[in-house]
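A short write-up of the structure that comes next.
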Number of protein chains: 2
Amino acid sequence: MGPELVAAVRRFNRTVTQRVGALDDEYMASGRPLAQARLLWEISPAGAEVAALRARLGLDSGYLSRLLRALENDGLVTVAPADQVGCDARVRVAALTEAGRAEWAALDERSDEFASSILTPLSEQSREQLVEAMAQVERLLVASMVVIEPCPPGDPRARACVRAYARDIARRFDGGFDPALSKPVHDEELVPPAGVFLLATLNSEPVGCGAVKLHPDAPAEIKRVWVADTVRGLGIGRRMLCDLERYAHERGWTTVRLDTNRSLTEAIAMYRSTGYREIEPYNDEHFAHHWFEKDLTAGAGAA
Amino acid sequence: MGPELVAAVRRFNRTVTQRVGALDDEYMASGRPLAQARLLWEISPAGAEVAALRARLGLDSGYLSRLLRALENDGLVTVAPADQVGCDARVRVAALTEAGRAEWAALDERSDEFASSILTPLSEQSREQLVEAMAQVERLLVASMVVIEPCPPGDPRARACVRAYARDIARRFDGGFDPALSKPVHDEELVPPAGVFLLATLNSEPVGCGAVKLHPDAPAEIKRVWVADTVRGLGIGRRMLCDLERYAHERGWTTVRLDTNRSLTEAIAMYRSTGYREIEPYNDEHFAHHWFEKDLTAGAGAA
DNA sequence: CCATATAGCTGACTTTAGTCAGGCATGTAG
DNA sequence: CTACATGCCTGACTAAAGTCAGCTATATGG
């Protein structure tokens, strides 16, 4: 990592925590302890489950409970079991009262004011430059917050990704997608040592996946590379591919292969640009039009 | 202000306080209370006056004192009167001991690590994009932190600016600059109602100035527009000019004039681009080559 | 010299944040 | 039905953060 890059990031961190971080806190606190204000904000007019709040704010269960009681005593919040039949009666849902919604709206207002206070001193042109640069920073920060880790293919988050993957390709393939016609992939094939399933998460939420099968005496095979459209275009797919290749390479495989459908044009472009070259069909996958192969011994393969 | 712009800034604030703000705190805390760590960091190997620390960190005098005692007890810091003769013996200076410098270096190291941890997951190309966008955001945030306010011309910060202004033009004018040959400007002319002196500050530090003389029965005259080179190119000069014009306009003047030296090319370009047109000499200023005038009744004049 | 301001310090205090060990009701696997 | 896990709760506690009044020594203006 170049030291100038690191220095630039540090300068940014300093300026931004000074200007945005500190003032954000100040704007949040409205005569109310910060933790309470944050909690109120997080509950939002839509309401939220207690467990979700705990996860999002990273609070201790007891502490959160106490904060909720404080807001309840002030008449801003009600906490009650979700009143639907059949759902877990232990789970409780926090909702804003009339007064709570009013205070939430006040916080919302202040957030707007704060954002405006950053833009106001600038010229029209500078404002647009700033907003554009902010959007860019935000995109890339989000990208850098995505974590790619091995995950059992049976994990609910993994299942959710694979379902989303199937939905996506069903929508994109001309003629749709019928899993029954496709070569099946069994969970056991994606569990070490036979292979691996990698899950990409953003704040613990699944946003992408990919898998590799380590065929004995044959090239490794990459399957099910998928990225949620909320984080598409941030290089997650490329990182996923790279991590899968590294996984195979570290375990002694020198070649990876994959098949793909002609309608997945961006994916095909990505394969080509990261060193894959098209080869003759190596299987009879019903939905495949292109087959690719990459030699793992050639490139560096660093992240 | 467009609501999309405000929304974009808010999204940025959210992402950035989450990723940078929270983790920055975490990286700062090294088994030591955050406030102590921040203080240690702020003292830095260069040392700092107690009053300066109080201002920079925004701490209560008593609280700061206690924090300093804590660091002193841990053998990280010494607090002593500045040992120069003739300086205020009440003012005390905090300095790092050997151990303090070691811990400061550790914090420095962690800051580097933190910055790296943001860049590491990204591709080479994304890293450069991120750093570029960060630099842009930082520049513009700094610009938006600059405050322009009226200030008595006798204020030490105002004097410092005017001195810096004189130094700057002395360096740039071909043939140097001799104040004795220039038309003098007296303090009384820059105090309401005769005129005004505006000071631009960044975190209370002076970074620019400008003045306008409200000549009775004659166009107002802009003088001494200067911007420190640390914040040049951020549109501060333009804002200063705009504020001076507004000041004159609000008090009934419809025209402003100014004279300038041919070597100040950026300034001349700025005058031209903000509605000034060149006119015949209206004075015999020794160092002036160009005279400009602007009609304040024409444009909108909004910030 | 006096009155007054200023810089930093100390003691006494409150509030906020956060932790930990249980407790109770509900759910679930055997 | 039992045993155990889970979700949320309360009580008891600690540490950190921050506030306020008053103190001492030095500076400053008359």
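Naming works like this for the structure tokens: A, B, ... for the chains as they're shown, residue 1 at the start of each chain, ligands 1 onward in shown order.
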Would you mind listing, for every residue of chain A within 8 Å of chain C, the two atoms forming the shortest contact and the distance between them in Å to one decimal, using only C-alpha atoms (C1' of nucleotides), sorted by chain and ascending residue number, as a tab-separated table?
residue	atom	partner	partner_atom	distance
A:Pro33	CA	C:DT16	C1'	7.1
A:Asp60	CA	C:DG18	C1'	7.8
A:Tyr63	CA	C:DG18	C1'	7.2
A:Asp88	CA	C:DG27	C1'	7.5
A:Ala89	CA	C:DT26	C1'	6.5
A:Arg90	CA	C:DT26	C1'	5.7
Check: which chain D residues lie within 8 Å of chain B using only C-alpha atoms (C1' of nucleotides), as a list in words:
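Result: DA16, DG18, DA25, DT26 and DA27 of chain D.
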Residue selection dump (all heavy atoms) as a short mmCIF file (atom, residue, chain, number, x, y, z; two decimals), in the first residue's frame:
data_model
loop_
_atom_site.label_atom_id
_atom_site.label_comp_id
_atom_site.auth_asym_id
_atom_site.auth_seq_id
_atom_site.Cartn_x
_atom_site.Cartn_y
_atom_site.Cartn_z
P DA D 16 -12.19 3.73 32.76
OP1 DA D 16 -11.37 2.92 31.84
OP2 DA D 16 -11.61 4.36 33.96
"O5'" DA D 16 -12.89 4.86 31.90
"C5'" DA D 16 -13.85 4.47 30.93
"C4'" DA D 16 -14.74 5.64 30.66
"O4'" DA D 16 -15.57 5.88 31.81
"C3'" DA D 16 -14.00 6.95 30.38
"O3'" DA D 16 -14.31 7.30 29.05
"C2'" DA D 16 -14.53 7.93 31.44
"C1'" DA D 16 -15.83 7.26 31.88
N9 DA D 16 -16.28 7.50 33.25
C8 DA D 16 -15.62 7.19 34.40
N7 DA D 16 -16.30 7.48 35.49
C5 DA D 16 -17.48 8.03 34.99
C6 DA D 16 -18.62 8.54 35.65
N6 DA D 16 -18.75 8.59 36.97
N1 DA D 16 -19.62 9.01 34.87
C2 DA D 16 -19.47 8.95 33.53
N3 DA D 16 -18.45 8.50 32.81
C4 DA D 16 -17.48 8.05 33.62
P DG D 18 -17.16 14.06 27.15
OP1 DG D 18 -17.98 14.25 25.95
OP2 DG D 18 -15.70 14.21 27.10
"O5'" DG D 18 -17.73 15.05 28.26
"C5'" DG D 18 -19.10 14.90 28.60
"C4'" DG D 18 -19.37 15.67 29.87
"O4'" DG D 18 -18.73 15.04 31.00
"C3'" DG D 18 -18.87 17.12 29.86
"O3'" DG D 18 -20.01 17.95 30.01
"C2'" DG D 18 -17.95 17.19 31.07
"C1'" DG D 18 -18.50 16.07 31.93
N9 DG D 18 -17.60 15.56 32.96
C8 DG D 18 -16.36 15.00 32.81
N7 DG D 18 -15.82 14.64 33.95
C5 DG D 18 -16.76 15.00 34.89
C6 DG D 18 -16.73 14.87 36.31
O6 DG D 18 -15.85 14.40 37.03
N1 DG D 18 -17.89 15.36 36.89
C2 DG D 18 -18.95 15.90 36.20
N2 DG D 18 -19.99 16.32 36.92
N3 DG D 18 -18.99 16.03 34.89
C4 DG D 18 -17.86 15.57 34.31
P DA D 25 -0.10 30.68 45.83
OP1 DA D 25 0.97 29.89 46.46
OP2 DA D 25 -0.66 31.88 46.48
"O5'" DA D 25 0.36 31.10 44.37
"C5'" DA D 25 0.77 30.08 43.45
"C4'" DA D 25 0.86 30.70 42.07
"O4'" DA D 25 -0.46 31.08 41.64
"C3'" DA D 25 1.72 31.95 42.00
"O3'" DA D 25 2.60 31.85 40.90
"C2'" DA D 25 0.71 33.09 41.80
"C1'" DA D 25 -0.41 32.37 41.07
N9 DA D 25 -1.72 32.98 41.26
C8 DA D 25 -2.35 33.27 42.43
N7 DA D 25 -3.55 33.81 42.27
C5 DA D 25 -3.71 33.86 40.90
C6 DA D 25 -4.75 34.33 40.10
N6 DA D 25 -5.89 34.84 40.56
N1 DA D 25 -4.59 34.23 38.76
C2 DA D 25 -3.46 33.71 38.28
N3 DA D 25 -2.40 33.25 38.94
C4 DA D 25 -2.59 33.35 40.26
P DT D 26 3.78 32.88 40.73
OP1 DT D 26 4.97 32.13 40.30
OP2 DT D 26 3.81 33.76 41.91
"O5'" DT D 26 3.30 33.74 39.49
"C5'" DT D 26 3.13 33.11 38.24
"C4'" DT D 26 2.25 33.97 37.39
"O4'" DT D 26 1.06 34.31 38.12
"C3'" DT D 26 2.86 35.30 36.96
"O3'" DT D 26 3.08 35.24 35.57
"C2'" DT D 26 1.82 36.34 37.36
"C1'" DT D 26 0.57 35.51 37.57
N1 DT D 26 -0.45 36.06 38.46
C2 DT D 26 -1.59 36.58 37.91
O2 DT D 26 -1.80 36.62 36.70
N3 DT D 26 -2.51 37.06 38.81
C4 DT D 26 -2.39 37.06 40.19
O4 DT D 26 -3.29 37.52 40.90
C5 DT D 26 -1.17 36.50 40.71
C7 DT D 26 -0.96 36.47 42.19
C6 DT D 26 -0.26 36.02 39.83
P DA D 27 3.82 36.42 34.83
OP1 DA D 27 4.36 35.90 33.57
OP2 DA D 27 4.69 37.09 35.80
"O5'" DA D 27 2.62 37.39 34.47
"C5'" DA D 27 1.90 37.16 33.27
"C4'" DA D 27 0.74 38.10 33.19
"O4'" DA D 27 0.10 38.19 34.49
"C3'" DA D 27 1.08 39.54 32.80
"O3'" DA D 27 0.37 39.82 31.61
"C2'" DA D 27 0.61 40.39 33.98
"C1'" DA D 27 -0.43 39.48 34.62
N9 DA D 27 -0.68 39.68 36.05
C8 DA D 27 0.14 39.35 37.10
N7 DA D 27 -0.37 39.63 38.28
C5 DA D 27 -1.61 40.17 37.98
C6 DA D 27 -2.65 40.68 38.79
N6 DA D 27 -2.59 40.71 40.12
N1 DA D 27 -3.76 41.15 38.16
C2 DA D 27 -3.81 41.11 36.83
N3 DA D 27 -2.90 40.66 35.97
C4 DA D 27 -1.82 40.21 36.61
#
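Going from C1' of DC20 in chain D over to CA of Glu72 in chain B, you cover 23.9 Å.
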With a distance cut-off of 12 Å and only C-alpha atoms (C1' of nucleotides), select the neighbouring residues of Val20 in chain B, excluding the residue or stretch itself and same-chain residues fewer than 3 positions from it, and output the selection as number ranges by chain.
A: 9-18, 20-22, 137-138, 141-142, 144-145; B: 12-17, 23-28, 111, 114-115, 117-118
Any chance you can output those residues with N, CA and C atoms as a short mmCIF file (atom, residue, chain, number, x, y, z; two decimals), in the first residue's frame?
data_model
loop_
_atom_site.label_atom_id
_atom_site.label_comp_id
_atom_site.auth_asym_id
_atom_site.auth_seq_id
_atom_site.Cartn_x
_atom_site.Cartn_y
_atom_site.Cartn_z
N VAL A 9 -5.94 8.98 3.05
CA VAL A 9 -7.10 8.45 3.78
C VAL A 9 -7.12 9.02 5.20
N ARG A 10 -5.95 9.12 5.80
CA ARG A 10 -5.90 9.65 7.16
C ARG A 10 -6.32 11.11 7.21
N ARG A 11 -5.87 11.90 6.24
CA ARG A 11 -6.31 13.30 6.20
C ARG A 11 -7.82 13.37 6.11
N PHE A 12 -8.35 12.52 5.23
CA PHE A 12 -9.80 12.48 5.06
C PHE A 12 -10.48 12.12 6.38
N ASN A 13 -10.00 11.07 7.02
CA ASN A 13 -10.60 10.64 8.28
C ASN A 13 -10.63 11.77 9.28
N ARG A 14 -9.53 12.48 9.35
CA ARG A 14 -9.43 13.54 10.35
C ARG A 14 -10.45 14.65 10.07
N THR A 15 -10.43 15.13 8.86
CA THR A 15 -11.35 16.22 8.50
C THR A 15 -12.80 15.79 8.70
N VAL A 16 -13.07 14.58 8.26
CA VAL A 16 -14.45 14.14 8.24
C VAL A 16 -14.97 13.85 9.65
N THR A 17 -14.14 13.23 10.48
CA THR A 17 -14.64 12.98 11.84
C THR A 17 -14.82 14.30 12.57
N GLN A 18 -13.96 15.25 12.27
CA GLN A 18 -14.09 16.56 12.89
C GLN A 18 -15.40 17.22 12.47
N VAL A 20 -17.99 16.03 10.24
CA VAL A 20 -19.23 15.27 10.16
C VAL A 20 -19.51 14.53 11.46
N GLY A 21 -18.51 13.80 11.94
CA GLY A 21 -18.71 12.97 13.12
C GLY A 21 -19.16 13.77 14.32
N ALA A 22 -18.36 14.75 14.70
CA ALA A 22 -18.66 15.51 15.91
C ALA A 22 -20.00 16.22 15.78
N VAL A 137 -17.16 8.41 -2.68
CA VAL A 137 -16.55 7.92 -1.45
C VAL A 137 -17.47 6.91 -0.80
N GLU A 138 -18.74 7.24 -0.77
CA GLU A 138 -19.69 6.36 -0.11
C GLU A 138 -19.73 4.99 -0.78
N LEU A 141 -16.57 3.16 0.04
CA LEU A 141 -16.51 2.74 1.44
C LEU A 141 -17.41 1.53 1.66
N VAL A 142 -18.58 1.59 1.06
CA VAL A 142 -19.48 0.44 1.17
C VAL A 142 -18.79 -0.79 0.61
N SER A 144 -15.73 -1.42 0.51
CA SER A 144 -14.66 -1.90 1.38
C SER A 144 -15.21 -2.47 2.68
N MET A 145 -16.51 -2.29 2.92
CA MET A 145 -17.10 -2.86 4.12
C MET A 145 -17.63 -4.28 3.86
N PHE B 12 -24.11 10.13 2.79
CA PHE B 12 -22.67 10.14 3.02
C PHE B 12 -22.38 10.19 4.52
N ASN B 13 -23.04 11.10 5.22
CA ASN B 13 -22.81 11.24 6.66
C ASN B 13 -23.03 9.91 7.37
N ARG B 14 -24.09 9.25 6.98
CA ARG B 14 -24.43 8.01 7.66
C ARG B 14 -23.34 6.95 7.44
N THR B 15 -23.01 6.73 6.19
CA THR B 15 -22.00 5.72 5.87
C THR B 15 -20.67 6.05 6.55
N VAL B 16 -20.32 7.31 6.47
CA VAL B 16 -18.99 7.69 6.91
C VAL B 16 -18.88 7.67 8.44
N THR B 17 -19.91 8.11 9.14
CA THR B 17 -19.80 8.05 10.60
C THR B 17 -19.79 6.60 11.04
N LEU B 23 -15.05 3.33 13.87
CA LEU B 23 -13.80 2.59 13.91
C LEU B 23 -12.63 3.46 14.32
N ASP B 24 -12.72 4.74 13.99
CA ASP B 24 -11.66 5.64 14.39
C ASP B 24 -11.55 5.65 15.91
N ASP B 25 -12.70 5.72 16.57
CA ASP B 25 -12.71 5.67 18.03
C ASP B 25 -12.06 4.38 18.52
N GLU B 26 -12.49 3.29 17.90
CA GLU B 26 -12.00 2.00 18.34
C GLU B 26 -10.47 1.90 18.19
N TYR B 27 -10.00 2.41 17.06
CA TYR B 27 -8.56 2.35 16.83
C TYR B 27 -7.81 3.25 17.80
N MET B 28 -8.45 4.35 18.15
CA MET B 28 -7.82 5.29 19.07
C MET B 28 -7.65 4.68 20.46
N SER B 111 -3.42 4.31 13.37
CA SER B 111 -4.13 5.14 12.40
C SER B 111 -3.78 4.70 10.98
N PHE B 114 -5.56 1.52 10.28
CA PHE B 114 -6.98 1.75 10.03
C PHE B 114 -7.18 2.22 8.60
N ALA B 115 -6.36 3.19 8.18
CA ALA B 115 -6.47 3.69 6.82
C ALA B 115 -6.24 2.54 5.84
N SER B 117 -6.81 -0.56 6.34
CA SER B 117 -7.91 -1.52 6.39
C SER B 117 -9.07 -1.07 5.51
N ILE B 118 -9.15 0.21 5.25
CA ILE B 118 -10.19 0.69 4.33
C ILE B 118 -9.79 0.38 2.90
#
Need to verify the contact set: Glu285 in chain A, 9 Å, only C-alpha atoms (C1' of nucleotides), exclusion of same-chain residues closer than 4 positions in sequence. Can you return it as an mmCIF file with C-alpha atoms, in the first residue's frame?
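Produced file out-v8.cif, reproduced below:
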data_model
loop_
_atom_site.group_PDB
_atom_site.id
_atom_site.type_symbol
_atom_site.label_atom_id
_atom_site.label_comp_id
_atom_site.auth_asym_id
_atom_site.auth_seq_id
_atom_site.Cartn_x
_atom_site.Cartn_y
_atom_site.Cartn_z
ATOM 1 C CA LEU A 181 -32.863 -28.930 -16.448
ATOM 2 C CA SER A 182 -29.601 -27.609 -15.035
ATOM 3 C CA LYS A 183 -26.795 -29.720 -13.644
ATOM 4 C CA ASP A 259 -19.721 -22.145 -17.727
ATOM 5 C CA PRO A 281 -17.562 -27.101 -23.795
ATOM 6 C CA HIS A 289 -23.382 -21.033 -24.054
#
If you run DSSP over the backbone, which residues in range 61-226 of chain A end up strand (DSSP E)? Put them as a ChimeraX atom specification.
/A:77-81,92-96,147-150,195-202,205-213,220-226
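For Arg262 in chain B, the residues within 8 Å (counting only C-alpha atoms (C1' of nucleotides), excluding itself and residues fewer than 6 positions away along the chain) are B:Ile268, B:Ala288, B:His289, B:His290.
We find CA of Asp83 in chain B and CA of Ala48 in chain B to be spaced 13.4 Å apart.
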Looking only at the backbone, which of the residues in range 86-292 of chain B does DSSP tag as alpha helix (DSSP H), as JSON, numbers by chain?
{"B": [98, 99, 100, 101, 102, 103, 104, 105, 106, 107, 108, 109, 110, 111, 112, 113, 114, 115, 116, 117, 118, 119, 124, 125, 126, 127, 128, 129, 130, 131, 132, 133, 134, 135, 136, 137, 138, 139, 140, 141, 142, 143, 144, 145, 156, 157, 158, 159, 160, 161, 162, 163, 164, 165, 166, 167, 168, 169, 170, 171, 172, 236, 237, 238, 239, 240, 241, 242, 243, 244, 245, 246, 247, 248, 249, 250, 265, 266, 267, 268, 269, 270, 271, 272, 273]}
Rank nothing, just name the residue among B:Val227, B:Thr255, B:Arg239, B:Glu278 nearest to chain A, using only C-alpha atoms.
B:Arg239
Using only C-alpha atoms (C1' of nucleotides), which residues sit within 7 Å of Gly210 in chain A once same-chain residues fewer than 6 positions away are excluded, as a ChimeraX atom specification?
/A:197-199,223-226,240
Kindly export the residues of the current selection with N, CA, C and O atoms, as an mmCIF file, in the first residue's frame.
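Written file, out11.cif:
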data_model
loop_
_atom_site.group_PDB
_atom_site.id
_atom_site.type_symbol
_atom_site.label_atom_id
_atom_site.label_comp_id
_atom_site.auth_asym_id
_atom_site.auth_seq_id
_atom_site.Cartn_x
_atom_site.Cartn_y
_atom_site.Cartn_z
ATOM 1 N N PHE A 197 -18.072 -22.750 -0.222
ATOM 2 C CA PHE A 197 -19.084 -21.746 -0.549
ATOM 3 C C PHE A 197 -18.674 -20.466 0.160
ATOM 4 O O PHE A 197 -18.475 -20.467 1.375
ATOM 5 N N LEU A 198 -18.493 -19.375 -0.582
ATOM 6 C CA LEU A 198 -18.132 -18.099 0.033
ATOM 7 C C LEU A 198 -19.339 -17.174 0.040
ATOM 8 O O LEU A 198 -20.074 -17.082 -0.949
ATOM 9 N N LEU A 199 -19.517 -16.500 1.171
ATOM 10 C CA LEU A 199 -20.640 -15.582 1.316
ATOM 11 C C LEU A 199 -20.090 -14.163 1.477
ATOM 12 O O LEU A 199 -19.169 -13.933 2.262
ATOM 13 N N LYS A 223 -18.859 -21.898 -9.467
ATOM 14 C CA LYS A 223 -20.316 -21.943 -9.628
ATOM 15 C C LYS A 223 -20.955 -20.808 -8.830
ATOM 16 O O LYS A 223 -20.396 -20.338 -7.836
ATOM 17 N N ARG A 224 -22.146 -20.432 -9.252
ATOM 18 C CA ARG A 224 -23.031 -19.596 -8.444
ATOM 19 C C ARG A 224 -22.431 -18.279 -7.972
ATOM 20 O O ARG A 224 -22.615 -17.893 -6.824
ATOM 21 N N VAL A 225 -21.722 -17.620 -8.857
ATOM 22 C CA VAL A 225 -21.223 -16.293 -8.498
ATOM 23 C C VAL A 225 -22.364 -15.301 -8.689
ATOM 24 O O VAL A 225 -22.897 -15.147 -9.796
ATOM 25 N N TRP A 226 -22.727 -14.676 -7.594
ATOM 26 C CA TRP A 226 -23.873 -13.748 -7.646
ATOM 27 C C TRP A 226 -23.622 -12.560 -6.726
ATOM 28 O O TRP A 226 -23.018 -12.719 -5.661
ATOM 29 N N MET A 240 -14.901 -11.640 -5.346
ATOM 30 C CA MET A 240 -15.407 -12.992 -5.095
ATOM 31 C C MET A 240 -14.655 -13.991 -5.971
ATOM 32 O O MET A 240 -14.143 -14.999 -5.500
#
